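*Asks:* Structure below; questions to follow.
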Amino acid sequence: MDTVERFVRWASDSKRQNKGMEAVCLRILKDAGFEVNKVSLGQLRGHYLEQDGSRTGETFAINSSCPFKAMNGREDNYTATGWLDSLFRLAWGLTRDEITNKEIIRKIRFEIERSIPMKPIVLTDIGDQLLEYPPDRNIMGGNLVDHTRDSKKMELCVGLHAVCQGWIDREPVTQTHDALICRSCHLRVPFPKELKTYGNLRQHLRKFNAAA
Ligand SMILES: [Zn+2]
């Protein structure tokens with residue numbers, strides 16, 4: 001039985017034994033692209049916010065079903081914990097549906113694959129990186145989300161500048177060129193305006209992205 005098969009069997013078993021499942025969950029989180037190095041029993045709680053962003057004082061469970069939380073070093077990882085909980089509930093729910101075990105495992109593998117973030121694109125010879133636009137997540141189980149892929153078209157806002165976390169926009173600068181411009185630090189990277197997708201950009205900047 002491989003990792004995903006063990007996860008599905010565990011999540012769907014009402015008399016489940018947690019022993020040894022830390023390693024299975026850690027493997028799945030890493031395969032899904034999360035930066036984590038430890039999984040342990042425990043529940044994380046999030047804070048409800050007022051409209052102005054202040055805390056209401058009420059909290060909710062980040063992992064309401066899965067008994068494990070994910071950590072990186074000593075830091076709890078809320079995003080990874082929430083995602084693992086959603087995957088757990090998906091596996092549990094699917095086993096209540098009338099579909100085959102093979103189909104459940106296929107769906108779980110799909111979610112793991114879908115969760116992998118876009119590989120950063122190196123923009124300059126000193127190593128500036130473009131990160132994907134953070135995917136929309138909502139509190140109620142919206143952790144299973146699409147990430148940017150190289151086949152995706154670059155829109156007006158293309159993502160984040162890794163070092164300053166500023167938004168990077170695509171703007172026309174000359175008849176032949178557009179530029180990626182960071183709103184925060186004003187990094188400016190011109191490129192031929194006919195480039196459409198993230199993959200086109202990565203290919204154009206391949207001298208900086210050769211290892212990719
Ligand atoms: Zn910047």
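By order of appearance in the structure tokens: chains A, B, ..., then residues from 1 within every chain, and ligands from 1 in the order shown.
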Please report, as JSON lines, each residue of chain A lying at most 10 Å from ligand 1, together with the nearest pair of atoms and the separation in Å rounded to one decimal; use only C-alpha atoms and all ligand atoms, and order rows by chain and ascending residue number.
*Replies:*
```
{"residue": "A:Asp128", "atom": "CA", "partner": "ligand 1", "partner_atom_place_in_ligand_line": "1 (Zn)", "distance": 8.6}
{"residue": "A:Gln129", "atom": "CA", "partner": "ligand 1", "partner_atom_place_in_ligand_line": "1 (Zn)", "distance": 9.3}
{"residue": "A:Leu130", "atom": "CA", "partner": "ligand 1", "partner_atom_place_in_ligand_line": "1 (Zn)", "distance": 9.4}
{"residue": "A:Leu160", "atom": "CA", "partner": "ligand 1", "partner_atom_place_in_ligand_line": "1 (Zn)", "distance": 7.8}
{"residue": "A:His161", "atom": "CA", "partner": "ligand 1", "partner_atom_place_in_ligand_line": "1 (Zn)", "distance": 4.9}
{"residue": "A:Ala162", "atom": "CA", "partner": "ligand 1", "partner_atom_place_in_ligand_line": "1 (Zn)", "distance": 7.3}
{"residue": "A:Val163", "atom": "CA", "partner": "ligand 1", "partner_atom_place_in_ligand_line": "1 (Zn)", "distance": 6.4}
{"residue": "A:Cys164", "atom": "CA", "partner": "ligand 1", "partner_atom_place_in_ligand_line": "1 (Zn)", "distance": 4.7}
{"residue": "A:Gln165", "atom": "CA", "partner": "ligand 1", "partner_atom_place_in_ligand_line": "1 (Zn)", "distance": 6.3}
{"residue": "A:Gly166", "atom": "CA", "partner": "ligand 1", "partner_atom_place_in_ligand_line": "1 (Zn)", "distance": 4.9}
{"residue": "A:Trp167", "atom": "CA", "partner": "ligand 1", "partner_atom_place_in_ligand_line": "1 (Zn)", "distance": 7.3}
{"residue": "A:Ile168", "atom": "CA", "partner": "ligand 1", "partner_atom_place_in_ligand_line": "1 (Zn)", "distance": 7.3}
{"residue": "A:Ile181", "atom": "CA", "partner": "ligand 1", "partner_atom_place_in_ligand_line": "1 (Zn)", "distance": 8.0}
{"residue": "A:Cys182", "atom": "CA", "partner": "ligand 1", "partner_atom_place_in_ligand_line": "1 (Zn)", "distance": 4.7}
{"residue": "A:Arg183", "atom": "CA", "partner": "ligand 1", "partner_atom_place_in_ligand_line": "1 (Zn)", "distance": 6.6}
{"residue": "A:Ser184", "atom": "CA", "partner": "ligand 1", "partner_atom_place_in_ligand_line": "1 (Zn)", "distance": 5.0}
{"residue": "A:Cys185", "atom": "CA", "partner": "ligand 1", "partner_atom_place_in_ligand_line": "1 (Zn)", "distance": 4.0}
{"residue": "A:His186", "atom": "CA", "partner": "ligand 1", "partner_atom_place_in_ligand_line": "1 (Zn)", "distance": 6.0}
{"residue": "A:Leu187", "atom": "CA", "partner": "ligand 1", "partner_atom_place_in_ligand_line": "1 (Zn)", "distance": 5.7}
{"residue": "A:Arg188", "atom": "CA", "partner": "ligand 1", "partner_atom_place_in_ligand_line": "1 (Zn)", "distance": 9.0}
```
*Asks:* Could you turn the residues from that selection into a file that holds C-alpha atoms, as a compact mmCIF listing (two decimals), in the first residue's frame?
*Replies:*
```txt
# COMPACT_ATOMS: atom_id res chain seq x y z
CA ASP A 128 14.80 38.32 -8.08
CA GLN A 129 11.87 35.90 -8.07
CA LEU A 130 8.28 36.15 -9.25
CA LEU A 160 4.36 38.74 -6.04
CA HIS A 161 7.98 39.89 -5.86
CA ALA A 162 9.58 37.43 -3.44
CA VAL A 163 11.99 39.76 -1.66
CA CYS A 164 9.60 42.66 -0.89
CA GLN A 165 6.22 40.86 -1.22
CA GLY A 166 5.07 43.70 -3.50
CA TRP A 167 2.54 43.07 -6.27
CA ILE A 168 4.05 42.78 -9.73
CA ILE A 181 6.92 46.32 -12.52
CA CYS A 182 6.90 45.84 -8.76
CA ARG A 183 4.48 48.22 -7.02
CA SER A 184 6.56 48.18 -3.87
CA CYS A 185 10.25 48.46 -4.84
CA HIS A 186 9.83 49.44 -8.54
CA LEU A 187 11.83 46.56 -9.96
CA ARG A 188 11.30 46.77 -13.74
```
*Asks:* Could you list, as a ChimeraX atom specification, every residue within 9 Å of Glu155 of chain A, counting only C-alpha atoms and ignoring same-chain residues fewer than 5 positions away?
*Replies:* /A:169-170,196-197
*Asks:* If you run DSSP on the backbone, which residues of segment 13-207 of chain A are strand (DSSP E or B), as number ranges by chain?
*Replies:* A: 38-41, 45-49, 55-61, 68-72, 75-76, 121-122, 129-131, 153, 157-161, 167-172, 177-182, 188-192, 197
*Asks:* If you count only C-alpha atoms, which residues fall within 12 Å of Gly82 of chain A, apart from same-chain ones fewer than 6 positions away, as a ChimeraX atom specification?
*Replies:* /A:29,34,43-46,60-71,76,88-89,137-145
*Asks:* Using C-alpha atoms, can you export the residues from the last selection as a PDB file, in the first residue's frame?
*Replies:*
```pdb
ATOM      1  CA  LEU A  29       2.120  17.504   2.678  1.00  0.00           C
ATOM      2  CA  PHE A  34       4.162  22.563   1.583  1.00  0.00           C
ATOM      3  CA  GLN A  43      -5.464  21.369  17.010  1.00  0.00           C
ATOM      4  CA  LEU A  44      -4.833  24.872  15.701  1.00  0.00           C
ATOM      5  CA  ARG A  45      -7.403  27.609  16.152  1.00  0.00           C
ATOM      6  CA  GLY A  46      -8.004  30.643  13.969  1.00  0.00           C
ATOM      7  CA  PHE A  60     -12.648  28.332  15.201  1.00  0.00           C
ATOM      8  CA  ALA A  61     -10.799  25.078  14.584  1.00  0.00           C
ATOM      9  CA  ILE A  62      -8.370  25.145  11.663  1.00  0.00           C
ATOM     10  CA  ASN A  63      -8.374  21.339  11.748  1.00  0.00           C
ATOM     11  CA  SER A  64     -11.810  20.209  12.888  1.00  0.00           C
ATOM     12  CA  SER A  65     -11.565  16.598  11.659  1.00  0.00           C
ATOM     13  CA  CYS A  66      -7.963  15.586  11.124  1.00  0.00           C
ATOM     14  CA  PRO A  67      -6.208  15.059  14.489  1.00  0.00           C
ATOM     15  CA  PHE A  68      -2.839  16.317  13.207  1.00  0.00           C
ATOM     16  CA  LYS A  69      -1.326  19.737  12.806  1.00  0.00           C
ATOM     17  CA  ALA A  70       1.600  20.571  10.533  1.00  0.00           C
ATOM     18  CA  MET A  71       4.726  22.400  11.638  1.00  0.00           C
ATOM     19  CA  ASP A  76       2.702  25.863  13.417  1.00  0.00           C
ATOM     20  CA  PHE A  88      -8.943  14.288   5.282  1.00  0.00           C
ATOM     21  CA  ARG A  89     -12.596  15.364   5.135  1.00  0.00           C
ATOM     22  CA  ARG A 137      -8.980  30.440   0.114  1.00  0.00           C
ATOM     23  CA  ASN A 138     -12.074  30.702   2.216  1.00  0.00           C
ATOM     24  CA  ILE A 139     -12.548  29.590   5.781  1.00  0.00           C
ATOM     25  CA  MET A 140     -15.222  26.991   5.138  1.00  0.00           C
ATOM     26  CA  GLY A 141     -13.228  24.182   3.608  1.00  0.00           C
ATOM     27  CA  GLY A 142     -11.858  26.214   0.747  1.00  0.00           C
ATOM     28  CA  ASN A 143      -8.341  24.926   1.182  1.00  0.00           C
ATOM     29  CA  LEU A 144      -8.332  22.705  -1.890  1.00  0.00           C
ATOM     30  CA  VAL A 145      -7.531  25.250  -4.573  1.00  0.00           C
TER      31      VAL A 145
END
```
*Asks:* Can you work out which one of A:Cys25, A:Asn18, A:Ser54, A:Glu194 has the shortest atom-to-atom distance to Asp85 of chain A, counting only C-alpha atoms?
*Replies:*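 Among A:Cys25, A:Asn18, A:Ser54, A:Glu194, it is A:Cys25 that comes nearest to Asp85 of chain A.
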*Asks:* Here is a test: counting only C-alpha atoms, which residue of A:Lys38, A:His147, A:Arg16, A:Arg55 is nearest to Gly73 of chain A?
*Replies:*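 Residue with the minimum atom-to-atom distance to Gly73 of chain A: A:Lys38.
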*Asks:* Using only C-alpha atoms, which of A:Val4, A:Val173, A:Ile28, A:Leu123 sits nearest Phe208 of chain A?
*Replies:*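 Among the listed residues, A:Leu123 lies closest to Phe208 of chain A.
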*Asks:* Using the chain letters and numbers from this document, which residues of chain A does DSSP assign to alpha helix (DSSP H), as a PDB file with C-alpha atoms, in the first residue's frame?
*Replies:*
```
ATOM      1  CA  THR A   3       1.123   6.661   1.051  1.00  0.00           C
ATOM      2  CA  VAL A   4      -2.118   7.860  -0.515  1.00  0.00           C
ATOM      3  CA  GLU A   5      -3.786   4.455  -0.112  1.00  0.00           C
ATOM      4  CA  ARG A   6      -2.818   4.396   3.570  1.00  0.00           C
ATOM      5  CA  PHE A   7      -4.150   7.923   4.050  1.00  0.00           C
ATOM      6  CA  VAL A   8      -7.521   7.077   2.485  1.00  0.00           C
ATOM      7  CA  ARG A   9      -7.891   3.889   4.500  1.00  0.00           C
ATOM      8  CA  TRP A  10      -7.048   5.752   7.711  1.00  0.00           C
ATOM      9  CA  ALA A  11      -9.289   8.777   7.053  1.00  0.00           C
ATOM     10  CA  MET A  21       0.184   8.240  10.469  1.00  0.00           C
ATOM     11  CA  GLU A  22       2.357  11.296  11.181  1.00  0.00           C
ATOM     12  CA  ALA A  23       4.868  10.072   8.602  1.00  0.00           C
ATOM     13  CA  VAL A  24       2.117   9.398   6.043  1.00  0.00           C
ATOM     14  CA  CYS A  25       0.647  12.892   6.480  1.00  0.00           C
ATOM     15  CA  LEU A  26       4.093  14.511   6.351  1.00  0.00           C
ATOM     16  CA  ARG A  27       4.870  12.736   3.068  1.00  0.00           C
ATOM     17  CA  ILE A  28       1.565  13.893   1.572  1.00  0.00           C
ATOM     18  CA  LEU A  29       2.120  17.504   2.678  1.00  0.00           C
ATOM     19  CA  LYS A  30       5.602  17.522   1.159  1.00  0.00           C
ATOM     20  CA  ASP A  31       4.318  15.972  -2.072  1.00  0.00           C
ATOM     21  CA  TYR A  78      -1.878  27.073   9.519  1.00  0.00           C
ATOM     22  CA  THR A  79      -2.217  26.790   5.749  1.00  0.00           C
ATOM     23  CA  ALA A  80      -0.777  23.284   5.615  1.00  0.00           C
ATOM     24  CA  THR A  81      -2.875  22.197   8.610  1.00  0.00           C
ATOM     25  CA  GLY A  82      -6.061  23.549   7.026  1.00  0.00           C
ATOM     26  CA  TRP A  83      -5.270  21.893   3.710  1.00  0.00           C
ATOM     27  CA  LEU A  84      -4.559  18.521   5.352  1.00  0.00           C
ATOM     28  CA  ASP A  85      -7.849  18.767   7.244  1.00  0.00           C
ATOM     29  CA  SER A  86      -9.726  19.451   4.005  1.00  0.00           C
ATOM     30  CA  LEU A  87      -8.044  16.491   2.312  1.00  0.00           C
ATOM     31  CA  PHE A  88      -8.943  14.288   5.282  1.00  0.00           C
ATOM     32  CA  ARG A  89     -12.596  15.364   5.135  1.00  0.00           C
ATOM     33  CA  LEU A  90     -12.675  14.838   1.376  1.00  0.00           C
ATOM     34  CA  ALA A  91     -11.337  11.283   1.752  1.00  0.00           C
ATOM     35  CA  TRP A  92     -13.763  10.542   4.586  1.00  0.00           C
ATOM     36  CA  GLY A  93     -16.705  11.973   2.667  1.00  0.00           C
ATOM     37  CA  LEU A  94     -15.856  10.135  -0.548  1.00  0.00           C
ATOM     38  CA  ASN A 101     -11.743   2.885  -3.719  1.00  0.00           C
ATOM     39  CA  LYS A 102      -9.682   3.294  -6.862  1.00  0.00           C
ATOM     40  CA  GLU A 103     -11.674   6.398  -7.807  1.00  0.00           C
ATOM     41  CA  ILE A 104     -11.264   7.877  -4.297  1.00  0.00           C
ATOM     42  CA  ILE A 105      -7.519   7.387  -4.452  1.00  0.00           C
ATOM     43  CA  ARG A 106      -7.436   9.003  -7.892  1.00  0.00           C
ATOM     44  CA  LYS A 107      -9.299  12.072  -6.572  1.00  0.00           C
ATOM     45  CA  ILE A 108      -6.963  12.407  -3.580  1.00  0.00           C
ATOM     46  CA  ARG A 109      -3.911  12.148  -5.849  1.00  0.00           C
ATOM     47  CA  PHE A 110      -5.435  14.858  -8.049  1.00  0.00           C
ATOM     48  CA  GLU A 111      -5.796  17.203  -5.043  1.00  0.00           C
ATOM     49  CA  ILE A 112      -2.184  16.627  -3.981  1.00  0.00           C
ATOM     50  CA  GLU A 113      -0.979  17.392  -7.511  1.00  0.00           C
ATOM     51  CA  ARG A 114      -3.244  20.469  -7.755  1.00  0.00           C
ATOM     52  CA  TYR A 198       4.032  32.227 -17.394  1.00  0.00           C
ATOM     53  CA  GLY A 199       5.734  29.458 -19.346  1.00  0.00           C
ATOM     54  CA  ASN A 200       6.557  31.915 -22.176  1.00  0.00           C
ATOM     55  CA  LEU A 201       8.149  34.242 -19.605  1.00  0.00           C
ATOM     56  CA  ARG A 202      10.106  31.433 -17.969  1.00  0.00           C
ATOM     57  CA  GLN A 203      11.381  30.350 -21.399  1.00  0.00           C
ATOM     58  CA  HIS A 204      12.313  33.939 -22.327  1.00  0.00           C
TER      59      HIS A 204
END
```
*Asks:* With only C-alpha atoms as the counted atoms, please give the residues lying no more than 10 Å from Thr148 of chain A, apart from itself and same-chain residues fewer than 2 positions off, as a compact mmCIF listing (two decimals) with N, CA and C atoms, in the first residue's frame.
*Replies:*
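Output file around03.txt is given in full below:
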```
# COMPACT_ATOMS: atom_id res chain seq x y z
N ARG A 114 -2.69 19.13 -7.52
CA ARG A 114 -3.24 20.47 -7.76
C ARG A 114 -2.71 21.48 -6.74
N SER A 115 -2.30 21.00 -5.58
CA SER A 115 -1.87 21.88 -4.50
C SER A 115 -0.45 22.43 -4.66
N ILE A 116 0.30 21.85 -5.61
CA ILE A 116 1.70 22.26 -5.75
C ILE A 116 1.77 23.68 -6.32
N PRO A 117 2.46 24.60 -5.61
CA PRO A 117 2.53 25.97 -6.11
C PRO A 117 3.37 26.07 -7.38
N MET A 118 3.16 27.13 -8.13
CA MET A 118 4.00 27.36 -9.31
C MET A 118 5.45 27.53 -8.86
N LYS A 119 6.35 26.94 -9.62
CA LYS A 119 7.78 27.14 -9.34
C LYS A 119 8.11 28.61 -9.62
N LEU A 131 6.72 35.19 -7.66
CA LEU A 131 5.93 34.12 -7.04
C LEU A 131 4.50 34.20 -7.55
N GLU A 132 3.80 33.10 -7.51
CA GLU A 132 2.42 33.11 -7.99
C GLU A 132 1.54 34.01 -7.12
N TYR A 133 0.49 34.52 -7.73
CA TYR A 133 -0.57 35.26 -7.06
C TYR A 133 -1.21 34.30 -6.06
N PRO A 134 -1.28 34.66 -4.78
CA PRO A 134 -1.79 33.68 -3.80
C PRO A 134 -3.21 33.24 -4.14
N PRO A 135 -3.45 31.93 -4.11
CA PRO A 135 -4.79 31.44 -4.46
C PRO A 135 -5.83 31.89 -3.43
N ASP A 146 -6.86 25.71 -6.84
CA ASP A 146 -5.96 25.69 -8.00
C ASP A 146 -4.79 26.64 -7.78
N ASP A 150 2.29 27.01 -15.55
CA ASP A 150 3.03 27.68 -16.63
C ASP A 150 2.18 27.93 -17.87
N SER A 151 1.12 27.13 -18.04
CA SER A 151 0.26 27.30 -19.22
C SER A 151 -0.71 28.48 -19.06
N LYS A 152 -0.76 29.07 -17.87
CA LYS A 152 -1.73 30.14 -17.61
C LYS A 152 -1.26 31.47 -18.20
N LYS A 153 -2.24 32.24 -18.69
CA LYS A 153 -1.94 33.55 -19.26
C LYS A 153 -1.63 34.55 -18.14
N MET A 154 -0.65 35.41 -18.35
CA MET A 154 -0.36 36.47 -17.38
C MET A 154 -1.39 37.58 -17.54
N VAL A 158 0.46 39.99 -12.12
CA VAL A 158 0.97 38.65 -12.42
C VAL A 158 1.43 37.86 -11.20
N GLY A 159 1.65 38.55 -10.07
CA GLY A 159 2.09 37.79 -8.89
C GLY A 159 2.81 38.66 -7.90
N TYR A 198 2.91 32.32 -18.33
CA TYR A 198 4.03 32.23 -17.39
C TYR A 198 5.15 31.36 -17.98
```
*Asks:* Calculate how many Å separate atom CA of Asn72 of chain A from atom CA of Gly33 of chain A, rounding to one decimal.
*Replies:*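 Rounded to one decimal, the two atoms are 12.9 Å apart.
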*Asks:* Please provide as a PyMOL selection string all residues within 6 Å of Ala179 of chain A, with the sequence filter that same-chain residues fewer than 3 positions apart are discarded (counting only C-alpha atoms).
*Replies:* chain A and resi 170-171+189-191
*Asks:* Residues of the last selection are to be written out with C-alpha atoms, as a short mmCIF file (atom, residue, chain, number, x, y, z; two decimals), in the first residue's frame.
*Replies:*
```
data_model
loop_
_atom_site.label_atom_id
_atom_site.label_comp_id
_atom_site.auth_asym_id
_atom_site.auth_seq_id
_atom_site.Cartn_x
_atom_site.Cartn_y
_atom_site.Cartn_z
CA ARG A 170 2.33 43.82 -16.32
CA GLU A 171 2.38 47.20 -18.04
CA VAL A 189 11.81 43.81 -16.10
CA PRO A 190 11.00 44.49 -19.78
CA PHE A 191 10.04 41.62 -22.08
#
```
*Asks:* With distances taken over only C-alpha atoms, which of A:Thr59, A:Thr176, A:Asn209, A:Gln17 is nearest to Pro120 of chain A?
*Replies:*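 With only C-alpha atoms as the atom set, the closest residue is A:Asn209.
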*Asks:* Tell me, in Å to one decimal, how far atom CA of Lys207 of chain A is from atom CA of His177 of chain A.
*Replies:*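 Going from atom CA of Lys207 of chain A over to atom CA of His177 of chain A, I get 18.9 Å.
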*Asks:* Using only C-alpha atoms, can you tell me which of A:Thr56, A:Asn77, A:Thr95, A:Ser40 comes closest to Ser12 of chain A?
*Replies:* A:Thr95
